[in-house]
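Source file: query37.pdb; contents: PDB, C-alpha atoms.
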```pdb
MODEL        1
ATOM      1  CA  MET B  22       7.630-117.657 -68.374
ATOM      2  CA  ILE B  23       8.843-121.196 -68.865
ATOM      3  CA  ALA B  24      11.490-122.263 -66.332
ATOM      4  CA  ASP B  25      12.815-125.282 -68.251
ATOM      5  CA  PRO B  26      15.221-123.888 -70.881
ATOM      6  CA  GLU B  27      14.650-126.971 -73.063
ATOM      7  CA  ASN B  28      10.995-126.027 -73.333
ATOM      8  CA  SER B  29      11.459-122.286 -73.612
ATOM      9  CA  ASP B  30       9.655-120.587 -76.467
ATOM     10  CA  GLN B  31      12.995-119.855 -78.103
ATOM     11  CA  MET B  32      14.029-123.518 -78.096
ATOM     12  CA  ILE B  33      10.675-124.604 -79.498
ATOM     13  CA  ILE B  34      10.960-121.980 -82.234
ATOM     14  CA  GLN B  35      14.395-123.344 -83.138
ATOM     15  CA  ARG B  36      12.932-126.848 -83.356
ATOM     16  CA  VAL B  37      10.141-125.668 -85.651
ATOM     17  CA  LEU B  38      12.583-123.753 -87.837
ATOM     18  CA  SER B  39      14.745-126.834 -88.183
ATOM     19  CA  GLY B  40      11.785-128.771 -89.566
ATOM     20  CA  ASN B  41       9.916-130.136 -86.523
ATOM     21  CA  ARG B  42       6.476-128.872 -87.476
ATOM     22  CA  ASP B  43       4.751-130.669 -84.583
ATOM     23  CA  ALA B  44       6.729-128.644 -82.041
ATOM     24  CA  PHE B  45       4.552-125.674 -82.967
ATOM     25  CA  LYS B  46       1.658-127.448 -81.240
ATOM     26  CA  THR B  47       3.322-126.716 -77.891
ATOM     27  CA  LEU B  48       3.248-123.002 -78.625
ATOM     28  CA  ILE B  49      -0.412-123.190 -79.636
ATOM     29  CA  SER B  50      -1.340-125.055 -76.440
ATOM     30  CA  ARG B  51       0.681-122.646 -74.349
ATOM     31  CA  TYR B  52      -0.877-119.431 -75.631
ATOM     32  CA  SER B  53      -4.212-120.220 -77.287
ATOM     33  CA  ASP B  54      -6.420-119.687 -74.213
ATOM     34  CA  PRO B  55      -5.540-116.045 -73.453
ATOM     35  CA  LEU B  56      -5.491-115.237 -77.162
ATOM     36  CA  TYR B  57      -8.878-116.874 -77.702
ATOM     37  CA  ARG B  58     -10.355-114.950 -74.766
ATOM     38  CA  HIS B  59      -9.028-111.718 -76.205
ATOM     39  CA  ALA B  60     -10.477-112.432 -79.651
ATOM     40  CA  LEU B  61     -13.791-113.589 -78.179
ATOM     41  CA  CYS B  62     -14.242-110.514 -76.026
ATOM     42  CA  MET B  63     -13.186-108.183 -78.828
ATOM     43  CA  THR B  64     -15.439-109.690 -81.509
ATOM     44  CA  GLY B  65     -18.260-111.150 -79.401
ATOM     45  CA  SER B  66     -18.416-114.232 -81.615
ATOM     46  CA  PRO B  67     -16.856-117.661 -80.892
ATOM     47  CA  ASP B  68     -16.718-118.493 -84.615
ATOM     48  CA  VAL B  69     -14.912-115.289 -85.490
ATOM     49  CA  ALA B  70     -12.585-115.701 -82.510
ATOM     50  CA  GLU B  71     -11.647-119.209 -83.715
ATOM     51  CA  ASP B  72     -11.005-117.916 -87.237
ATOM     52  CA  ILE B  73      -8.848-115.054 -86.001
ATOM     53  CA  LEU B  74      -6.909-117.425 -83.758
ATOM     54  CA  GLN B  75      -6.332-119.869 -86.618
ATOM     55  CA  LEU B  76      -5.231-117.190 -89.089
ATOM     56  CA  SER B  77      -2.977-115.605 -86.476
ATOM     57  CA  PHE B  78      -1.183-118.845 -85.659
ATOM     58  CA  ILE B  79      -0.731-119.613 -89.358
ATOM     59  CA  LYS B  80       0.733-116.148 -89.864
ATOM     60  CA  ALA B  81       2.938-116.647 -86.811
ATOM     61  CA  TYR B  82       4.169-119.969 -88.215
ATOM     62  CA  GLN B  83       4.961-118.494 -91.623
ATOM     63  CA  HIS B  84       6.909-115.612 -90.085
ATOM     64  CA  LEU B  85       8.421-117.536 -87.179
ATOM     65  CA  ALA B  86      11.955-116.803 -88.359
ATOM     66  CA  GLU B  87      11.276-113.103 -87.833
ATOM     67  CA  VAL B  88      10.477-113.354 -84.114
ATOM     68  CA  ARG B  89      12.632-110.978 -82.137
ATOM     69  CA  GLY B  90      12.035-110.925 -78.388
ATOM     70  CA  ARG B  91       9.073-112.580 -76.689
ATOM     71  CA  PHE B  92       6.947-114.918 -78.804
ATOM     72  CA  ASP B  93       3.840-114.411 -76.632
ATOM     73  CA  ALA B  94       3.945-110.635 -77.069
ATOM     74  CA  TRP B  95       4.557-110.994 -80.803
ATOM     75  CA  VAL B  96       1.683-113.412 -81.370
ATOM     76  CA  PHE B  97      -0.589-111.305 -79.146
ATOM     77  CA  ARG B  98      -0.022-108.344 -81.468
ATOM     78  CA  ILE B  99      -0.946-110.462 -84.463
ATOM     79  CA  VAL B 100      -4.213-111.505 -82.789
ATOM     80  CA  ALA B 101      -4.980-107.984 -81.533
ATOM     81  CA  ASN B 102      -4.446-106.583 -85.030
ATOM     82  CA  GLY B 103      -6.590-109.361 -86.471
ATOM     83  CA  CYS B 104      -9.417-108.350 -84.133
ATOM     84  CA  LYS B 105      -9.088-104.671 -85.005
ATOM     85  CA  ASP B 106      -9.021-105.409 -88.711
ATOM     86  CA  TRP B 107     -12.126-107.567 -88.375
ATOM     87  CA  LEU B 108     -13.928-104.854 -86.434
ATOM     88  CA  LYS B 109     -12.891-102.308 -89.008
ATOM     89  CA  ASN B 110     -13.934-104.328 -92.021
ATOM     90  CA  ILE B 111     -17.105-105.995 -90.883
ATOM     91  CA  ARG B 112     -20.206-104.010 -90.430
ATOM     92  CA  ARG B 113     -21.825-106.446 -88.154
ATOM     93  CA  SER B 114     -25.138-106.982 -86.573
ATOM     94  CA  HIS B 115     -25.067-107.891 -82.905
ATOM     95  CA  LEU B 116     -23.484-111.251 -82.231
ATOM     96  CA  SER B 117     -23.746-112.861 -78.839
ATOM     97  CA  TYR B 118     -21.945-115.755 -77.242
ATOM     98  CA  ASP B 119     -23.202-119.162 -78.158
ATOM     99  CA  GLU B 120     -24.628-120.197 -74.839
ATOM    100  CA  ASP B 121     -24.105-123.880 -75.610
ATOM    101  CA  ASP B 122     -20.368-123.301 -75.730
ATOM    102  CA  GLN B 123     -20.151-122.341 -72.104
ATOM    103  CA  PRO B 124     -20.873-124.674 -69.217
ATOM    104  CA  SER B 125     -23.442-123.568 -66.711
ATOM    105  CA  ALA B 126     -21.945-122.494 -63.396
ATOM    106  CA  TYR B 127     -25.079-121.237 -61.697
ATOM    107  CA  ALA B 128     -27.095-122.871 -58.991
ATOM    108  CA  THR B 129     -30.671-122.191 -60.072
ATOM    109  CA  PRO B 130     -32.371-121.537 -63.404
ATOM    110  CA  ASP B 131     -33.344-118.033 -62.213
ATOM    111  CA  GLU B 132     -29.780-117.240 -61.308
ATOM    112  CA  GLU B 133     -28.631-118.572 -64.654
ATOM    113  CA  LEU B 134     -31.199-116.445 -66.459
ATOM    114  CA  ASP B 135     -29.946-113.325 -64.639
ATOM    115  CA  ARG B 136     -26.352-114.144 -65.517
ATOM    116  CA  THR B 137     -27.200-114.814 -69.160
ATOM    117  CA  GLU B 138     -28.942-111.472 -69.320
ATOM    118  CA  LEU B 139     -25.985-109.695 -67.762
ATOM    119  CA  ARG B 140     -23.661-111.474 -70.203
ATOM    120  CA  SER B 141     -25.696-110.286 -73.202
ATOM    121  CA  ASP B 142     -26.031-106.776 -71.816
ATOM    122  CA  LEU B 143     -22.300-106.564 -71.162
ATOM    123  CA  ASP B 144     -21.618-107.820 -74.706
ATOM    124  CA  ARG B 145     -23.905-105.192 -76.145
ATOM    125  CA  ALA B 146     -22.361-102.469 -73.998
ATOM    126  CA  LEU B 147     -18.820-103.539 -74.933
ATOM    127  CA  ALA B 148     -19.791-103.500 -78.607
ATOM    128  CA  THR B 149     -20.680 -99.815 -78.367
ATOM    129  CA  LEU B 150     -17.185 -98.876 -77.189
ATOM    130  CA  PRO B 151     -14.507 -97.776 -79.654
ATOM    131  CA  ALA B 152     -12.045-100.610 -80.295
ATOM    132  CA  SER B 153      -9.211 -98.985 -78.343
ATOM    133  CA  LEU B 154     -11.353 -98.651 -75.184
ATOM    134  CA  ARG B 155     -12.786-102.163 -75.545
ATOM    135  CA  GLU B 156      -9.294-103.568 -76.010
ATOM    136  CA  ALA B 157      -8.003-101.782 -72.911
ATOM    137  CA  PHE B 158     -10.989-102.917 -70.799
ATOM    138  CA  VAL B 159     -10.695-106.541 -71.958
ATOM    139  CA  MET B 160      -6.948-106.653 -71.335
ATOM    140  CA  LYS B 161      -7.320-105.150 -67.863
ATOM    141  CA  HIS B 162     -10.466-106.839 -66.578
ATOM    142  CA  VAL B 163     -10.854-110.086 -68.509
ATOM    143  CA  GLU B 164      -7.207-110.936 -69.077
ATOM    144  CA  GLY B 165      -6.108-109.463 -65.744
ATOM    145  CA  ARG B 166      -2.994-107.817 -67.149
ATOM    146  CA  SER B 167      -1.080-105.058 -65.393
ATOM    147  CA  TYR B 168      -0.912-101.611 -66.986
ATOM    148  CA  GLU B 169       2.827-102.098 -67.517
ATOM    149  CA  GLU B 170       2.249-105.350 -69.391
ATOM    150  CA  MET B 171      -0.481-103.740 -71.487
ATOM    151  CA  ALA B 172       1.799-100.829 -72.327
ATOM    152  CA  ASP B 173       4.515-103.253 -73.364
ATOM    153  CA  LEU B 174       2.158-105.233 -75.607
ATOM    154  CA  LEU B 175       0.423-102.274 -77.200
ATOM    155  CA  GLY B 176       3.455-100.012 -77.468
ATOM    156  CA  THR B 177       1.880 -97.113 -75.640
ATOM    157  CA  THR B 178       2.157 -95.494 -72.228
ATOM    158  CA  VAL B 179       0.732 -96.587 -68.885
ATOM    159  CA  GLY B 180      -0.960 -93.198 -68.519
ATOM    160  CA  ALA B 181      -2.703 -93.483 -71.867
ATOM    161  CA  LEU B 182      -3.930 -96.988 -71.034
ATOM    162  CA  LYS B 183      -5.216 -95.949 -67.602
ATOM    163  CA  MET B 184      -7.159 -93.211 -69.333
ATOM    164  CA  ARG B 185      -8.660 -95.707 -71.802
ATOM    165  CA  VAL B 186      -9.628 -98.183 -69.062
ATOM    166  CA  HIS B 187     -11.185 -95.393 -66.974
ATOM    167  CA  ARG B 188     -13.176 -94.133 -69.938
ATOM    168  CA  ALA B 189     -14.307 -97.642 -70.797
ATOM    169  CA  ARG B 190     -15.503 -98.245 -67.218
ATOM    170  CA  GLU B 191     -17.371 -94.962 -67.111
ATOM    171  CA  ALA B 192     -19.023 -95.622 -70.467
ATOM    172  CA  LEU B 193     -20.022 -99.162 -69.449
ATOM    173  CA  GLN B 194     -21.416 -97.991 -66.141
ATOM    174  CA  ALA B 195     -23.422 -95.276 -67.869
ATOM    175  CA  LEU B 196     -24.933 -97.908 -70.160
ATOM    176  CA  LEU B 197     -25.636-100.599 -67.586
ATOM    177  CA  GLU B 198     -26.162 -98.975 -64.224
ATOM    178  CA  GLU B 199     -29.821 -98.204 -64.686
ATOM    179  CA  LYS B 200     -30.503-101.916 -64.884
ATOM    180  CA  TYR B 201     -27.851-103.299 -62.580
ATOM    181  CA  ALA B 202     -26.995-100.681 -59.959
TER     182      ALA B 202
ATOM    183  CA  MET W  30       5.911-109.853 -96.963
ATOM    184  CA  VAL W  31       6.650-108.505 -93.546
ATOM    185  CA  ASP W  32       3.730-107.900 -91.227
ATOM    186  CA  ASP W  33       3.422-104.709 -89.382
ATOM    187  CA  LEU W  34       2.877-106.028 -85.916
ATOM    188  CA  ARG W  35       2.377-102.738 -84.170
ATOM    189  CA  SER W  36      -1.170-102.528 -83.041
ATOM    190  CA  ASP W  37      -1.326 -98.816 -83.626
ATOM    191  CA  ASP W  38       0.728 -98.705 -86.795
ATOM    192  CA  GLY W  39       3.487 -96.687 -85.200
ATOM    193  CA  LEU W  40       1.136 -94.085 -83.869
ATOM    194  CA  SER W  41       1.920 -94.749 -80.241
ATOM    195  CA  GLY W  42       3.280 -91.268 -79.711
ATOM    196  CA  PHE W  43       0.203 -89.817 -81.298
ATOM    197  CA  ASP W  44      -1.906 -92.166 -79.218
ATOM    198  CA  GLY W  45      -0.369 -90.977 -76.009
ATOM    199  CA  HIS W  46      -1.006 -87.434 -77.013
ATOM    200  CA  ARG W  47      -4.487 -88.221 -78.205
ATOM    201  CA  ASP W  48      -5.575 -89.341 -74.765
ATOM    202  CA  ARG W  49      -4.689 -85.956 -73.438
ATOM    203  CA  VAL W  50      -6.774 -83.993 -75.884
ATOM    204  CA  SER W  51     -10.384 -83.332 -75.182
ATOM    205  CA  ARG W  52     -13.026 -85.884 -76.086
ATOM    206  CA  ARG W  53     -14.739 -83.324 -78.229
ATOM    207  CA  SER W  54     -11.764 -82.825 -80.512
ATOM    208  CA  GLU W  55     -11.277 -86.604 -80.655
ATOM    209  CA  GLN W  56     -14.739 -87.042 -82.106
ATOM    210  CA  GLU W  57     -13.961 -84.546 -84.842
ATOM    211  CA  ARG W  58     -10.580 -85.902 -85.973
ATOM    212  CA  PRO W  59     -10.263 -88.175 -89.041
ATOM    213  CA  LEU W  60     -10.067 -91.948 -88.548
ATOM    214  CA  ALA W  61      -6.610 -93.479 -88.259
ATOM    215  CA  ASP W  62      -5.634 -96.764 -89.844
ATOM    216  CA  ARG W  63      -7.000 -99.816 -87.984
ATOM    217  CA  GLU W  64      -9.425 -97.613 -86.127
ATOM    218  CA  VAL W  65     -12.890 -99.062 -86.141
ATOM    219  CA  PRO W  66     -15.480 -96.827 -87.784
ATOM    220  CA  LEU W  67     -18.332 -97.849 -85.520
ATOM    221  CA  GLY W  68     -21.746 -96.681 -86.477
ATOM    222  CA  HIS W  69     -22.271 -95.415 -82.979
ATOM    223  CA  GLN W  70     -20.469 -92.925 -80.826
ATOM    224  CA  GLU W  71     -18.926 -93.591 -77.458
ATOM    225  CA  PRO W  72     -21.821 -93.413 -75.022
ATOM    226  CA  GLU W  73     -22.179 -90.457 -72.707
ATOM    227  CA  ALA W  74     -20.085 -91.437 -69.730
ATOM    228  CA  ARG W  75     -20.541 -90.548 -66.111
ATOM    229  CA  VAL W  76     -17.502 -89.666 -64.059
ATOM    230  CA  LEU W  77     -16.459 -92.381 -61.620
ATOM    231  CA  SER W  78     -14.716 -91.465 -58.409
ATOM    232  CA  PRO W  79     -10.925 -91.945 -58.521
ATOM    233  CA  LEU W  80     -11.376 -94.122 -55.428
ATOM    234  CA  VAL W  81     -13.511 -96.573 -57.402
ATOM    235  CA  HIS W  82     -10.949 -96.684 -60.208
ATOM    236  CA  ALA W  83      -8.207 -97.276 -57.637
ATOM    237  CA  TRP W  84     -10.235-100.128 -56.081
ATOM    238  CA  LEU W  85     -10.867-101.670 -59.503
ATOM    239  CA  ASP W  86      -7.149-101.396 -60.238
ATOM    240  CA  GLY W  87      -6.416-103.296 -57.021
ATOM    241  CA  GLU W  88      -4.807-100.333 -55.323
ATOM    242  CA  LEU W  89      -7.404 -99.931 -52.556
ATOM    243  CA  PRO W  90      -9.356-102.450 -50.448
ATOM    244  CA  GLU W  91     -13.104-102.669 -50.974
ATOM    245  CA  ALA W  92     -13.844-101.462 -47.432
ATOM    246  CA  SER W  93     -12.227 -98.106 -48.075
ATOM    247  CA  VAL W  94     -14.454 -97.473 -51.102
ATOM    248  CA  ARG W  95     -17.712 -98.895 -49.822
ATOM    249  CA  LYS W  96     -18.920 -95.740 -48.136
ATOM    250  CA  GLY W  97     -21.023 -92.760 -49.085
ATOM    251  CA  ASP W  98     -21.788 -92.180 -52.742
ATOM    252  CA  THR W  99     -19.380 -94.808 -53.999
ATOM    253  CA  ALA W 100     -21.147 -97.756 -52.286
ATOM    254  CA  ARG W 101     -23.572 -98.023 -55.215
ATOM    255  CA  ASP W 102     -20.696 -98.079 -57.708
ATOM    256  CA  VAL W 103     -19.008-100.856 -55.746
ATOM    257  CA  GLU W 104     -22.168-102.976 -55.878
ATOM    258  CA  PHE W 105     -22.455-102.396 -59.613
ATOM    259  CA  TRP W 106     -18.843-103.384 -60.326
ATOM    260  CA  LYS W 107     -19.043-106.458 -58.131
ATOM    261  CA  GLN W 108     -21.819-107.745 -60.404
ATOM    262  CA  ILE W 109     -19.794-106.949 -63.505
ATOM    263  CA  ASN W 110     -16.730-108.602 -61.994
ATOM    264  CA  VAL W 111     -18.642-111.868 -61.506
ATOM    265  CA  GLU W 112     -19.399-111.955 -65.239
ATOM    266  CA  VAL W 113     -15.846-110.896 -66.103
ATOM    267  CA  GLU W 114     -14.529-113.689 -63.899
ATOM    268  CA  THR W 115     -16.578-116.188 -65.917
ATOM    269  CA  ARG W 116     -14.999-114.913 -69.122
ATOM    270  CA  ARG W 117     -11.544-115.190 -67.575
ATOM    271  CA  ARG W 118     -12.076-118.947 -67.209
ATOM    272  CA  MET W 119     -13.035-119.501 -70.851
ATOM    273  CA  ARG W 120     -10.885-122.008 -72.714
ATOM    274  CA  THR W 121     -10.204-122.496 -76.390
ATOM    275  CA  PRO W 122     -12.490-125.224 -77.782
ATOM    276  CA  VAL W 123     -10.470-128.454 -77.983
ATOM    277  CA  PHE W 124     -10.894-128.970 -81.723
ATOM    278  CA  VAL W 125      -9.358-125.580 -82.555
ATOM    279  CA  GLU W 126      -5.796-126.702 -81.844
ATOM    280  CA  THR W 127      -6.106-129.648 -84.248
ATOM    281  CA  LYS W 128      -7.766-127.401 -86.826
ATOM    282  CA  ILE W 129      -4.860-124.961 -86.642
ATOM    283  CA  MET W 130      -2.254-127.717 -86.889
ATOM    284  CA  ASN W 131      -4.004-129.160 -89.962
ATOM    285  CA  ALA W 132      -4.074-125.745 -91.591
ATOM    286  CA  LEU W 133      -0.342-125.052 -91.118
ATOM    287  CA  PRO W 134       1.897-125.277 -94.204
ATOM    288  CA  GLN W 135       3.747-128.601 -94.467
ATOM    289  CA  THR W 136       7.102-126.917 -95.034
ATOM    290  CA  ALA W 137       9.223-125.414 -92.287
ATOM    291  CA  PRO W 138       9.061-121.621 -92.039
ATOM    292  CA  VAL W 139      11.987-119.798 -93.631
ATOM    293  CA  ALA W 140      13.156-116.254 -93.276
ATOM    294  CA  ILE W 141      12.493-114.332 -96.461
ATOM    295  CA  SER W 142      14.756-111.303 -96.435
ATOM    296  CA  PRO W 143      15.483-108.956 -99.366
ATOM    297  CA  TRP W 144      18.888-109.356-101.023
ATOM    298  CA  TRP W 145      20.244-106.082 -99.629
ATOM    299  CA  ARG W 146      19.723-107.337 -96.077
ATOM    300  CA  ARG W 147      21.378-110.681 -96.654
ATOM    301  CA  GLU W 148      24.833-111.350 -95.355
ATOM    302  CA  PHE W 149      27.524-110.823 -98.000
ATOM    303  CA  VAL W 150      30.667-112.955 -97.585
ATOM    304  CA  VAL W 151      33.834-112.006 -99.480
ATOM    305  CA  ARG W 152      36.166-114.972-100.015
ATOM    306  CA  PRO W 153      39.823-114.291-101.013
ATOM    307  CA  THR W 154      39.574-116.318-104.249
ATOM    308  CA  TYR W 155      36.429-114.454-105.307
ATOM    309  CA  ALA W 156      38.035-111.132-104.423
ATOM    310  CA  LEU W 157      41.102-111.962-106.538
ATOM    311  CA  ALA W 158      38.943-113.091-109.449
ATOM    312  CA  VAL W 159      36.850-109.913-109.326
ATOM    313  CA  ALA W 160      40.012-107.760-109.105
ATOM    314  CA  ALA W 161      41.540-109.552-112.094
ATOM    315  CA  ALA W 162      38.331-109.146-114.086
ATOM    316  CA  LEU W 163      38.242-105.424-113.289
ATOM    317  CA  ILE W 164      41.882-104.983-114.397
ATOM    318  CA  VAL W 165      41.205-106.827-117.663
ATOM    319  CA  ALA W 166      38.062-104.775-118.276
ATOM    320  CA  ALA W 167      39.863-101.492-117.520
ATOM    321  CA  SER W 168      42.738-102.480-119.828
ATOM    322  CA  ALA W 169      40.313-103.344-122.601
ATOM    323  CA  VAL W 170      38.490-100.024-122.248
ATOM    324  CA  THR W 171      41.787 -98.103-122.206
ATOM    325  CA  ALA W 172      43.058 -99.973-125.294
ATOM    326  CA  THR W 173      39.793 -99.288-127.117
ATOM    327  CA  LEU W 174      39.986 -95.593-126.277
ATOM    328  CA  ILE W 175      43.623 -95.337-127.470
ATOM    329  CA  VAL W 176      42.774 -97.056-130.769
ATOM    330  CA  THR W 177      39.715 -94.826-131.268
ATOM    331  CA  MET W 178      41.630 -91.575-130.601
ATOM    332  CA  ARG W 179      44.320 -92.438-133.179
TER     333      ARG W 179
ENDMDL
END
```

I need this file expressed as structure tokens, please.
Amino acid sequence: MIADPENSDQMIIQRVLSGNRDAFKTLISRYSDPLYRHALCMTGSPDVAEDILQLSFIKAYQHLAEVRGRFDAWVFRIVANGCKDWLKNIRRSHLSYDEDDQPSAYATPDEELDRTELRSDLDRALATLPASLREAFVMKHVEGRSYEEMADLLGTTVGALKMRVHRAREALQALLEEKYA
Amino acid sequence: MVDDLRSDDGLSGFDGHRDRVSRRSEQERPLADREVPLGHQEPEARVLSPLVHAWLDGELPEASVRKGDTARDVEFWKQINVEVETRRRMRTPVFVETKIMNALPQTAPVAISPWWRREFVVRPTYALAVAAALIVAASAVTATLIVTMR
């Protein structure tokens, strides 16, 4: 939430609608990181995540006059639907993160190798989950959202989302525990 | 064009119900819109202790779960959480913002609503003009009918 009413999403939207196109940049800066993370974890590909983010913000811009309620929730739904549509339409081979995109945070080469392996294994395991379970796991664990917030964004119940997260965890553990437990 | 922004295409009620039905029947049902037809099935899952789920949801401290059979699960999820934490710090590449701004239309967004949803304002002068036109038209029709019937 933005405390300064002058910089609230609603005020920025009004500025954009009255012709200040550059004001939209503030909304992109404000929300691109969590949306990019969502798209990246859902698709497993930085290139696809960038494309989905770009198309989603263009769509958001074109339909900005139709925003009712929170902009962040509205644009999240556009991105989430973009990810699901991509997953539905693309029969993809395995795509992994471009390692060069991410800075190294590990002390030794061995440690880095282990982490890279875990990253790839987790990607592969996530890719085997149905989209609804993957989405719930990513929102809960990667994005750190509460169940109430997830329910609000996805238009479903807290109970249903808990069930999806639990099933996703159990499926991931079944796939990875032999190697990592 | 108005986008349907609901992630489940209005099937939230069905979704809530769906989570209650057995996994077996879920595998047999037809695919819903936006559902991903993955070539693979959901892997065989093992059942995690509710205590582990509660710890992962932040409802219990680690110490209360790290005992007995669940200690191994805690170790496993701590490794996963390290990787998840790395993903949580990921940022959008810097060039993406510029790319998006360059791709935006140059014109300001406008609301495109169908004519039946647009506001209709009745001004007194227009109302009088329309009333007068209706009276003239009705008189003309009546006169025509009278002439025809003679």

Just to confirm, what's the straight-line distance from atom CA of Thr137 of chain B to atom CA of Tyr201 of chain B in Å (one decimal)?
13.3 Å

Nearest to Arg140 of chain B among B:Leu154, B:Leu197, B:Ile49, B:Ala60, with distances taken over all atoms listed in the file: which residue is it?
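Going through B:Leu154, B:Leu197, B:Ile49, B:Ala60 one by one, the smallest distance to Arg140 of chain B is for B:Leu197.
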
Report the distance between atom CA of Lys46 of chain B and atom CA of Glu126 of chain W in Å, rounded to one decimal place.
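Pair atom CA of Lys46 of chain B / atom CA of Glu126 of chain W returns 7.5 Å.
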
For chain B against chain W, which residues fall within 7 Å using only C-alpha atoms, given as a PDB file with C-alpha atoms, in the coordinates of the input?
```
ATOM      1  CA  VAL B  37      10.141-125.668 -85.651  1.00  0.00           C
ATOM      2  CA  LEU B  38      12.583-123.753 -87.837  1.00  0.00           C
ATOM      3  CA  GLY B  40      11.785-128.771 -89.566  1.00  0.00           C
ATOM      4  CA  ARG B  42       6.476-128.872 -87.476  1.00  0.00           C
ATOM      5  CA  LYS B  46       1.658-127.448 -81.240  1.00  0.00           C
ATOM      6  CA  ILE B  49      -0.412-123.190 -79.636  1.00  0.00           C
ATOM      7  CA  SER B  53      -4.212-120.220 -77.287  1.00  0.00           C
ATOM      8  CA  ASP B  54      -6.420-119.687 -74.213  1.00  0.00           C
ATOM      9  CA  TYR B  57      -8.878-116.874 -77.702  1.00  0.00           C
ATOM     10  CA  ARG B  58     -10.355-114.950 -74.766  1.00  0.00           C
ATOM     11  CA  GLU B  71     -11.647-119.209 -83.715  1.00  0.00           C
ATOM     12  CA  GLN B  75      -6.332-119.869 -86.618  1.00  0.00           C
ATOM     13  CA  ILE B  79      -0.731-119.613 -89.358  1.00  0.00           C
ATOM     14  CA  TYR B  82       4.169-119.969 -88.215  1.00  0.00           C
ATOM     15  CA  GLN B  83       4.961-118.494 -91.623  1.00  0.00           C
ATOM     16  CA  HIS B  84       6.909-115.612 -90.085  1.00  0.00           C
ATOM     17  CA  LEU B  85       8.421-117.536 -87.179  1.00  0.00           C
ATOM     18  CA  ALA B  86      11.955-116.803 -88.359  1.00  0.00           C
ATOM     19  CA  GLU B  87      11.276-113.103 -87.833  1.00  0.00           C
ATOM     20  CA  ARG B  98      -0.022-108.344 -81.468  1.00  0.00           C
ATOM     21  CA  ILE B  99      -0.946-110.462 -84.463  1.00  0.00           C
ATOM     22  CA  ALA B 101      -4.980-107.984 -81.533  1.00  0.00           C
ATOM     23  CA  ASN B 102      -4.446-106.583 -85.030  1.00  0.00           C
ATOM     24  CA  LYS B 105      -9.088-104.671 -85.005  1.00  0.00           C
ATOM     25  CA  ASP B 106      -9.021-105.409 -88.711  1.00  0.00           C
ATOM     26  CA  LEU B 108     -13.928-104.854 -86.434  1.00  0.00           C
ATOM     27  CA  LYS B 109     -12.891-102.308 -89.008  1.00  0.00           C
ATOM     28  CA  ARG B 140     -23.661-111.474 -70.203  1.00  0.00           C
ATOM     29  CA  THR B 149     -20.680 -99.815 -78.367  1.00  0.00           C
ATOM     30  CA  LEU B 150     -17.185 -98.876 -77.189  1.00  0.00           C
ATOM     31  CA  PRO B 151     -14.507 -97.776 -79.654  1.00  0.00           C
ATOM     32  CA  ALA B 152     -12.045-100.610 -80.295  1.00  0.00           C
ATOM     33  CA  HIS B 162     -10.466-106.839 -66.578  1.00  0.00           C
ATOM     34  CA  VAL B 163     -10.854-110.086 -68.509  1.00  0.00           C
ATOM     35  CA  GLU B 164      -7.207-110.936 -69.077  1.00  0.00           C
ATOM     36  CA  LEU B 175       0.423-102.274 -77.200  1.00  0.00           C
ATOM     37  CA  GLY B 176       3.455-100.012 -77.468  1.00  0.00           C
ATOM     38  CA  THR B 177       1.880 -97.113 -75.640  1.00  0.00           C
ATOM     39  CA  THR B 178       2.157 -95.494 -72.228  1.00  0.00           C
ATOM     40  CA  ALA B 181      -2.703 -93.483 -71.867  1.00  0.00           C
ATOM     41  CA  MET B 184      -7.159 -93.211 -69.333  1.00  0.00           C
ATOM     42  CA  HIS B 187     -11.185 -95.393 -66.974  1.00  0.00           C
ATOM     43  CA  GLU B 191     -17.371 -94.962 -67.111  1.00  0.00           C
ATOM     44  CA  ALA B 192     -19.023 -95.622 -70.467  1.00  0.00           C
ATOM     45  CA  ALA B 195     -23.422 -95.276 -67.869  1.00  0.00           C
ATOM     46  CA  GLU B 198     -26.162 -98.975 -64.224  1.00  0.00           C
ATOM     47  CA  TYR B 201     -27.851-103.299 -62.580  1.00  0.00           C
ATOM     48  CA  ALA B 202     -26.995-100.681 -59.959  1.00  0.00           C
TER      49      ALA B 202
END
```

Please return as a ChimeraX atom specification every residue within 12 Å of (-21.7, -106.8, -73.4), taking into account only C-alpha atoms and the file's own coordinates.
/B:61-66,115-118,136-150,155,158-159,192-194,196-197 /W:109,112-113,116

What's the 9 Å shell around Lys183 of chain B, counting only C-alpha atoms, without same-chain residues fewer than 5 positions away, as a PyMOL selection string?
chain B and resi 157+168+178+188

Atom CA of Phe97 of chain B to atom CA of Pro55 of chain B measures 8.9 Å
